[in-house]
Amino acid sequence: MRSIVLFAPKILIIPGSLRTGSQNARLAAVVAEEFVRADVEVTRISLGDFPLPIYDADLQANSGVPASAINLKQMIGAHQGILIVTPEYNASLPPLLKNAIDWISCVQSPHEERGQVFHERAFAIASASAGRFGGARCLAQLRLILTACGAMVIPNQLALSFADDAYDDMERLKRSADADAVKTMVRQLITIAGDTR
Ligand SMILES: Cc1cc2nc3c(=O)[nH]c(=O)nc-3n(C[C@H](O)[C@H](O)[C@H](O)COP(=O)(O)O)c2cc1C
């Protein structure tokens, strides 16, 4: 049964790697195309455009929250659906991504609860790895962290295994199970994010 999307949500895609040739940035690009095919407005950013020091409560007390954290929070706030596509580092999140989440969770505008930006939108999570598990252990932790921040993380997620051999020469996912998993996650994020508006 097809669900009806009442409002077309705006989607933000955040890759968790800055590396040249990143497998996760590559997957983020493929998923972005799927949103475009679904006629949904999608924005893909780089965390490199939001440089942040390692979180330090003294730094926050003395200098406040850095402008990049405020800008990143506003960027999230301007979208109804957020997709994070991240590498797995030692069965967990890369510090780049965890640090960004920690800073955003500390941004509090007047008349807002702390971390309110996480509460009012739908999140989806994906990972890509050359390994067999596709970063699934990282996704379990990312789901826990986002949920602890008060986010609604959609049930469908994507862990792309053997990512270095996942694409054809047109940069499309060549295994039908992978392409289907992208479509399912994209459809679910659009549906659930559309309901949050
Ligand atoms: C410090 C470090 C730890 C890693 N740990 C894991 C791991 O636990 N599981 C995994 O599948 N890959 C692991 N990898 C390999 C990454 O998945 C691989 O480098 C991947 O390509 C990084 O993502 P990117 O291509 O988007 O930059 C690790 C890489 C680094 C640098």
# chains A, B, ... in the order shown; residues from 1 in each chain; ligands from 1

call {"tool": "residues_around", "arguments": {"residues": "Val107 (chain A)", "least_positions_apart": "4", "cutoff": "10 Å", "atoms": "only C-alpha atoms", "output": "VMD selection string"}}
result
chain A and resid 64 to 67 69 to 74 102 to 103 112 to 117

call {"tool": "write_last_selection", "arguments": {"atoms": "all heavy atoms", "output": "CSV table (one decimal), in the first residue's frame"}}
result
chain,number,residue,atom,x,y,z
A,64,GLY,N,31.2,30.8,24.4
A,64,GLY,CA,29.9,30.5,23.8
A,64,GLY,C,30.0,29.4,22.8
A,64,GLY,O,31.1,28.8,22.5
A,65,VAL,N,28.9,29.0,22.2
A,65,VAL,CA,28.9,28.0,21.1
A,65,VAL,C,29.5,28.6,19.9
A,65,VAL,O,29.1,29.7,19.5
A,65,VAL,CB,27.4,27.5,20.9
A,65,VAL,CG1,27.3,26.5,19.8
A,65,VAL,CG2,26.9,26.9,22.2
A,66,PRO,N,30.4,27.9,19.2
A,66,PRO,CA,30.9,28.4,17.9
A,66,PRO,C,29.9,28.7,16.8
A,66,PRO,O,28.8,28.0,16.8
A,66,PRO,CB,31.9,27.3,17.4
A,66,PRO,CG,32.1,26.4,18.6
A,66,PRO,CD,30.9,26.6,19.5
A,67,ALA,N,30.1,29.7,16.0
A,67,ALA,CA,29.2,30.1,14.9
A,67,ALA,C,28.9,28.9,14.1
A,67,ALA,O,27.7,28.7,13.6
A,67,ALA,CB,29.8,31.2,14.1
A,69,ALA,N,28.5,25.8,14.8
A,69,ALA,CA,27.5,24.9,15.5
A,69,ALA,C,26.1,25.6,15.3
A,69,ALA,O,25.1,24.9,15.0
A,69,ALA,CB,27.8,24.7,16.9
A,70,ILE,N,26.0,26.9,15.5
A,70,ILE,CA,24.8,27.6,15.3
A,70,ILE,C,24.3,27.5,13.8
A,70,ILE,O,23.1,27.2,13.6
A,70,ILE,CB,24.9,29.1,15.7
A,70,ILE,CG1,25.2,29.1,17.2
A,70,ILE,CG2,23.7,29.9,15.4
A,70,ILE,CD1,25.7,30.5,17.7
A,71,ASN,N,25.2,27.6,12.9
A,71,ASN,CA,24.9,27.6,11.5
A,71,ASN,C,24.4,26.1,11.1
A,71,ASN,O,23.5,26.0,10.3
A,71,ASN,CB,26.1,27.9,10.6
A,71,ASN,CG,26.4,29.4,10.8
A,71,ASN,OD1,25.6,30.2,11.2
A,71,ASN,ND2,27.7,29.8,10.4
A,72,LEU,N,25.1,25.2,11.7
A,72,LEU,CA,24.7,23.8,11.4
A,72,LEU,C,23.3,23.4,11.9
A,72,LEU,O,22.5,22.8,11.3
A,72,LEU,CB,25.8,22.8,11.9
A,72,LEU,CG,25.8,21.4,11.5
A,72,LEU,CD1,25.7,21.2,10.0
A,72,LEU,CD2,27.0,20.7,12.0
A,73,LYS,N,23.1,23.9,13.1
A,73,LYS,CA,21.8,23.7,13.7
A,73,LYS,C,20.7,24.4,12.9
A,73,LYS,O,19.6,23.8,12.7
A,73,LYS,CB,21.8,24.3,15.2
A,73,LYS,CG,20.5,24.1,15.9
A,73,LYS,CD,20.1,25.3,16.7
A,73,LYS,CE,18.6,25.2,17.1
A,73,LYS,NZ,18.1,26.5,17.5
A,74,GLN,N,21.0,25.6,12.4
A,74,GLN,CA,20.0,26.3,11.6
A,74,GLN,C,19.8,25.6,10.3
A,74,GLN,O,18.6,25.5,9.8
A,74,GLN,CB,20.5,27.8,11.3
A,74,GLN,CG,20.2,28.6,12.5
A,74,GLN,CD,20.8,30.0,12.4
A,74,GLN,OE1,21.6,30.3,11.5
A,74,GLN,NE2,20.5,30.9,13.3
A,102,ASP,N,27.5,16.7,19.3
A,102,ASP,CA,27.6,17.2,20.6
A,102,ASP,C,27.5,18.7,20.7
A,102,ASP,O,26.8,19.3,21.5
A,102,ASP,CB,29.0,16.8,21.2
A,102,ASP,CG,29.0,15.3,21.6
A,102,ASP,OD1,28.0,14.7,21.6
A,102,ASP,OD2,30.2,14.8,21.7
A,103,TRP,N,28.1,19.4,19.7
A,103,TRP,CA,28.0,20.9,19.7
A,103,TRP,C,26.6,21.3,19.4
A,103,TRP,O,26.0,22.2,20.1
A,103,TRP,CB,28.9,21.5,18.7
A,103,TRP,CG,30.3,21.8,19.2
A,103,TRP,CD1,31.5,21.3,18.8
A,103,TRP,CD2,30.7,22.7,20.2
A,103,TRP,NE1,32.6,21.8,19.5
A,103,TRP,CE2,32.1,22.7,20.4
A,103,TRP,CE3,30.0,23.6,21.0
A,103,TRP,CZ2,32.8,23.5,21.3
A,103,TRP,CZ3,30.6,24.4,22.0
A,103,TRP,CH2,32.0,24.3,22.1
A,112,GLU,N,13.6,28.1,23.5
A,112,GLU,CA,13.7,26.8,22.9
A,112,GLU,C,14.2,25.9,24.1
A,112,GLU,O,15.0,26.3,24.9
A,112,GLU,CB,14.8,26.7,21.9
A,112,GLU,CG,14.3,26.7,20.5
A,112,GLU,CD,15.4,26.4,19.5
A,112,GLU,OE1,16.5,26.0,19.9
A,112,GLU,OE2,15.2,26.6,18.3
A,113,GLU,N,13.8,24.6,24.0
A,113,GLU,CA,14.4,23.6,24.9
A,113,GLU,C,15.8,23.3,24.3
A,113,GLU,O,16.0,23.4,23.1
A,113,GLU,CB,13.7,22.3,24.8
A,113,GLU,CG,12.3,22.3,25.4
A,113,GLU,CD,11.6,21.0,25.1
A,113,GLU,OE1,12.2,19.9,25.1
A,113,GLU,OE2,10.4,21.1,24.8
A,114,ARG,N,16.7,22.8,25.2
A,114,ARG,CA,18.0,22.4,24.7
A,114,ARG,C,17.8,21.2,23.7
A,114,ARG,O,17.0,20.3,24.0
A,114,ARG,CB,18.9,21.9,25.9
A,114,ARG,CG,20.3,21.6,25.5
A,114,ARG,CD,21.2,21.4,26.6
A,114,ARG,NE,22.3,20.6,26.1
A,114,ARG,CZ,23.2,20.1,26.8
A,114,ARG,NH1,23.2,20.1,28.1
A,114,ARG,NH2,24.2,19.4,26.2
A,115,GLY,N,18.5,21.2,22.6
A,115,GLY,CA,18.4,20.1,21.6
A,115,GLY,C,17.1,20.1,20.9
A,115,GLY,O,16.8,19.0,20.3
A,116,GLN,N,16.3,21.2,20.9
A,116,GLN,CA,14.9,21.1,20.3
A,116,GLN,C,15.0,20.8,18.8
A,116,GLN,O,14.1,20.1,18.3
A,116,GLN,CB,14.2,22.4,20.5
A,116,GLN,CG,12.8,22.4,20.1
A,116,GLN,CD,12.0,23.6,20.6
A,116,GLN,OE1,12.3,24.1,21.7
A,116,GLN,NE2,11.0,24.1,19.8
A,117,VAL,N,16.1,21.2,18.2
A,117,VAL,CA,16.1,20.9,16.7
A,117,VAL,C,16.1,19.4,16.4
A,117,VAL,O,15.6,19.0,15.3
A,117,VAL,CB,17.4,21.6,16.1
A,117,VAL,CG1,18.7,20.8,16.5
A,117,VAL,CG2,17.3,21.7,14.6

call {"tool": "residues_near_ligand", "arguments": {"ligand": "ligand 1", "cutoff": "6 Å", "atoms": "only C-alpha atoms and all ligand atoms", "output": "number ranges by chain"}}
result
A: 17, 19, 22-25, 87-91, 129, 131, 134-135

call {"tool": "write_last_selection", "arguments": {"atoms": "C-alpha atoms", "output": "mmCIF file, in the first residue's frame"}}
result
data_model
loop_
_atom_site.group_PDB
_atom_site.id
_atom_site.type_symbol
_atom_site.label_atom_id
_atom_site.label_comp_id
_atom_site.auth_asym_id
_atom_site.auth_seq_id
_atom_site.Cartn_x
_atom_site.Cartn_y
_atom_site.Cartn_z
ATOM 1 C CA SER A 17 33.553 11.934 6.150
ATOM 2 C CA ARG A 19 38.033 12.290 2.870
ATOM 3 C CA SER A 22 34.982 9.012 0.585
ATOM 4 C CA GLN A 23 32.743 5.956 0.195
ATOM 5 C CA ASN A 24 30.162 7.671 2.361
ATOM 6 C CA ALA A 25 30.149 10.885 0.353
ATOM 7 C CA PRO A 87 31.817 5.776 8.105
ATOM 8 C CA GLU A 88 32.336 3.351 10.971
ATOM 9 C CA TYR A 89 35.518 3.910 12.976
ATOM 10 C CA ASN A 90 36.415 1.135 15.407
ATOM 11 C CA ALA A 91 32.794 0.021 15.613
ATOM 12 C CA SER A 129 32.263 0.274 4.354
ATOM 13 C CA GLY A 131 33.784 -4.643 5.008
ATOM 14 C CA GLY A 134 28.799 -2.120 5.983
ATOM 15 C CA GLY A 135 29.224 -0.113 9.191
#

call {"tool": "residues_around", "arguments": {"residues": "region 43-47 of chain A", "least_positions_apart": "3", "cutoff": "6 Å", "atoms": "only C-alpha atoms", "output": "MDAnalysis selection string"}}
result
chainID A and resid 12:14 50

call {"tool": "atom_distance", "arguments": {"atom1": "CA of Val153 (chain A)", "atom2": "CA of Ala128 (chain A)"}}
result
18.1 Å

call {"tool": "select_by_dssp", "arguments": {"residues": "chain A", "states": "strand (DSSP E or B)", "output": "ChimeraX atom specification"}}
result
/A:11-15,42-44,81-86,89,92,122-128,152-153,158-160,167,173

call {"tool": "decode", "arguments": {"residues": "region 4-36 of chain A", "atoms": "N, CA and C atoms", "output": "compact mmCIF listing (two decimals), in the first residue's frame"}}
result
# COMPACT_ATOMS: atom_id res chain seq x y z
N ILE A 4 0.34 8.27 1.62
CA ILE A 4 0.19 9.59 1.00
C ILE A 4 1.04 10.59 1.78
N VAL A 5 1.90 11.33 1.07
CA VAL A 5 2.70 12.37 1.73
C VAL A 5 1.93 13.67 1.61
N LEU A 6 1.56 14.25 2.76
CA LEU A 6 0.73 15.45 2.72
C LEU A 6 1.54 16.67 2.31
N PHE A 7 2.78 16.76 2.76
CA PHE A 7 3.66 17.88 2.41
C PHE A 7 4.96 17.30 1.89
N ALA A 8 5.54 17.95 0.86
CA ALA A 8 6.84 17.50 0.38
C ALA A 8 7.89 18.04 1.34
N PRO A 9 8.58 17.18 2.08
CA PRO A 9 9.57 17.68 3.03
C PRO A 9 10.86 18.08 2.31
N LYS A 10 11.62 18.95 2.95
CA LYS A 10 12.96 19.26 2.45
C LYS A 10 13.94 18.34 3.18
N ILE A 11 14.88 17.79 2.41
CA ILE A 11 15.80 16.79 2.98
C ILE A 11 17.22 17.35 2.99
N LEU A 12 17.90 17.14 4.10
CA LEU A 12 19.31 17.52 4.25
C LEU A 12 20.15 16.25 4.37
N ILE A 13 21.22 16.15 3.58
CA ILE A 13 22.11 14.99 3.68
C ILE A 13 23.45 15.44 4.23
N ILE A 14 23.90 14.75 5.28
CA ILE A 14 25.16 15.09 5.94
C ILE A 14 26.09 13.88 5.88
N PRO A 15 27.13 13.92 5.03
CA PRO A 15 28.12 12.84 5.07
C PRO A 15 29.03 13.01 6.28
N GLY A 16 29.41 11.89 6.87
CA GLY A 16 30.25 11.93 8.08
C GLY A 16 31.73 11.83 7.79
N SER A 17 32.13 12.01 6.52
CA SER A 17 33.55 11.93 6.15
C SER A 17 33.90 13.10 5.24
N LEU A 18 35.12 13.62 5.43
CA LEU A 18 35.62 14.70 4.56
C LEU A 18 36.63 14.15 3.55
N ARG A 19 36.93 12.87 3.64
CA ARG A 19 38.03 12.29 2.87
C ARG A 19 37.80 12.39 1.36
N THR A 20 38.84 12.73 0.63
CA THR A 20 38.75 12.71 -0.83
C THR A 20 38.45 11.27 -1.25
N GLY A 21 37.43 11.10 -2.07
CA GLY A 21 37.06 9.76 -2.52
C GLY A 21 36.27 8.98 -1.48
N SER A 22 35.73 9.67 -0.50
CA SER A 22 34.98 9.01 0.58
C SER A 22 33.87 8.11 0.05
N GLN A 23 33.82 6.88 0.57
CA GLN A 23 32.74 5.96 0.19
C GLN A 23 31.40 6.46 0.70
N ASN A 24 31.42 7.19 1.79
CA ASN A 24 30.16 7.67 2.36
C ASN A 24 29.65 8.90 1.62
N ALA A 25 30.57 9.76 1.19
CA ALA A 25 30.15 10.89 0.35
C ALA A 25 29.60 10.35 -0.98
N ARG A 26 30.21 9.27 -1.47
CA ARG A 26 29.76 8.64 -2.72
C ARG A 26 28.35 8.08 -2.56
N LEU A 27 28.12 7.39 -1.45
CA LEU A 27 26.77 6.87 -1.20
C LEU A 27 25.77 8.01 -1.01
N ALA A 28 26.21 9.07 -0.32
CA ALA A 28 25.33 10.23 -0.11
C ALA A 28 24.88 10.80 -1.46
N ALA A 29 25.80 10.83 -2.44
CA ALA A 29 25.46 11.37 -3.77
C ALA A 29 24.42 10.49 -4.46
N VAL A 30 24.57 9.18 -4.32
CA VAL A 30 23.62 8.25 -4.95
C VAL A 30 22.23 8.39 -4.30
N VAL A 31 22.22 8.51 -2.98
CA VAL A 31 20.92 8.64 -2.30
C VAL A 31 20.28 9.99 -2.64
N ALA A 32 21.10 11.03 -2.77
CA ALA A 32 20.56 12.35 -3.15
C ALA A 32 19.83 12.27 -4.49
N GLU A 33 20.40 11.50 -5.41
CA GLU A 33 19.75 11.36 -6.73
C GLU A 33 18.39 10.68 -6.58
N GLU A 34 18.30 9.75 -5.65
CA GLU A 34 17.01 9.05 -5.43
C GLU A 34 15.96 10.03 -4.90
N PHE A 35 16.38 10.96 -4.03
CA PHE A 35 15.44 11.99 -3.55
C PHE A 35 15.00 12.88 -4.72
N VAL A 36 15.95 13.23 -5.59
CA VAL A 36 15.61 14.08 -6.73
C VAL A 36 14.61 13.35 -7.63
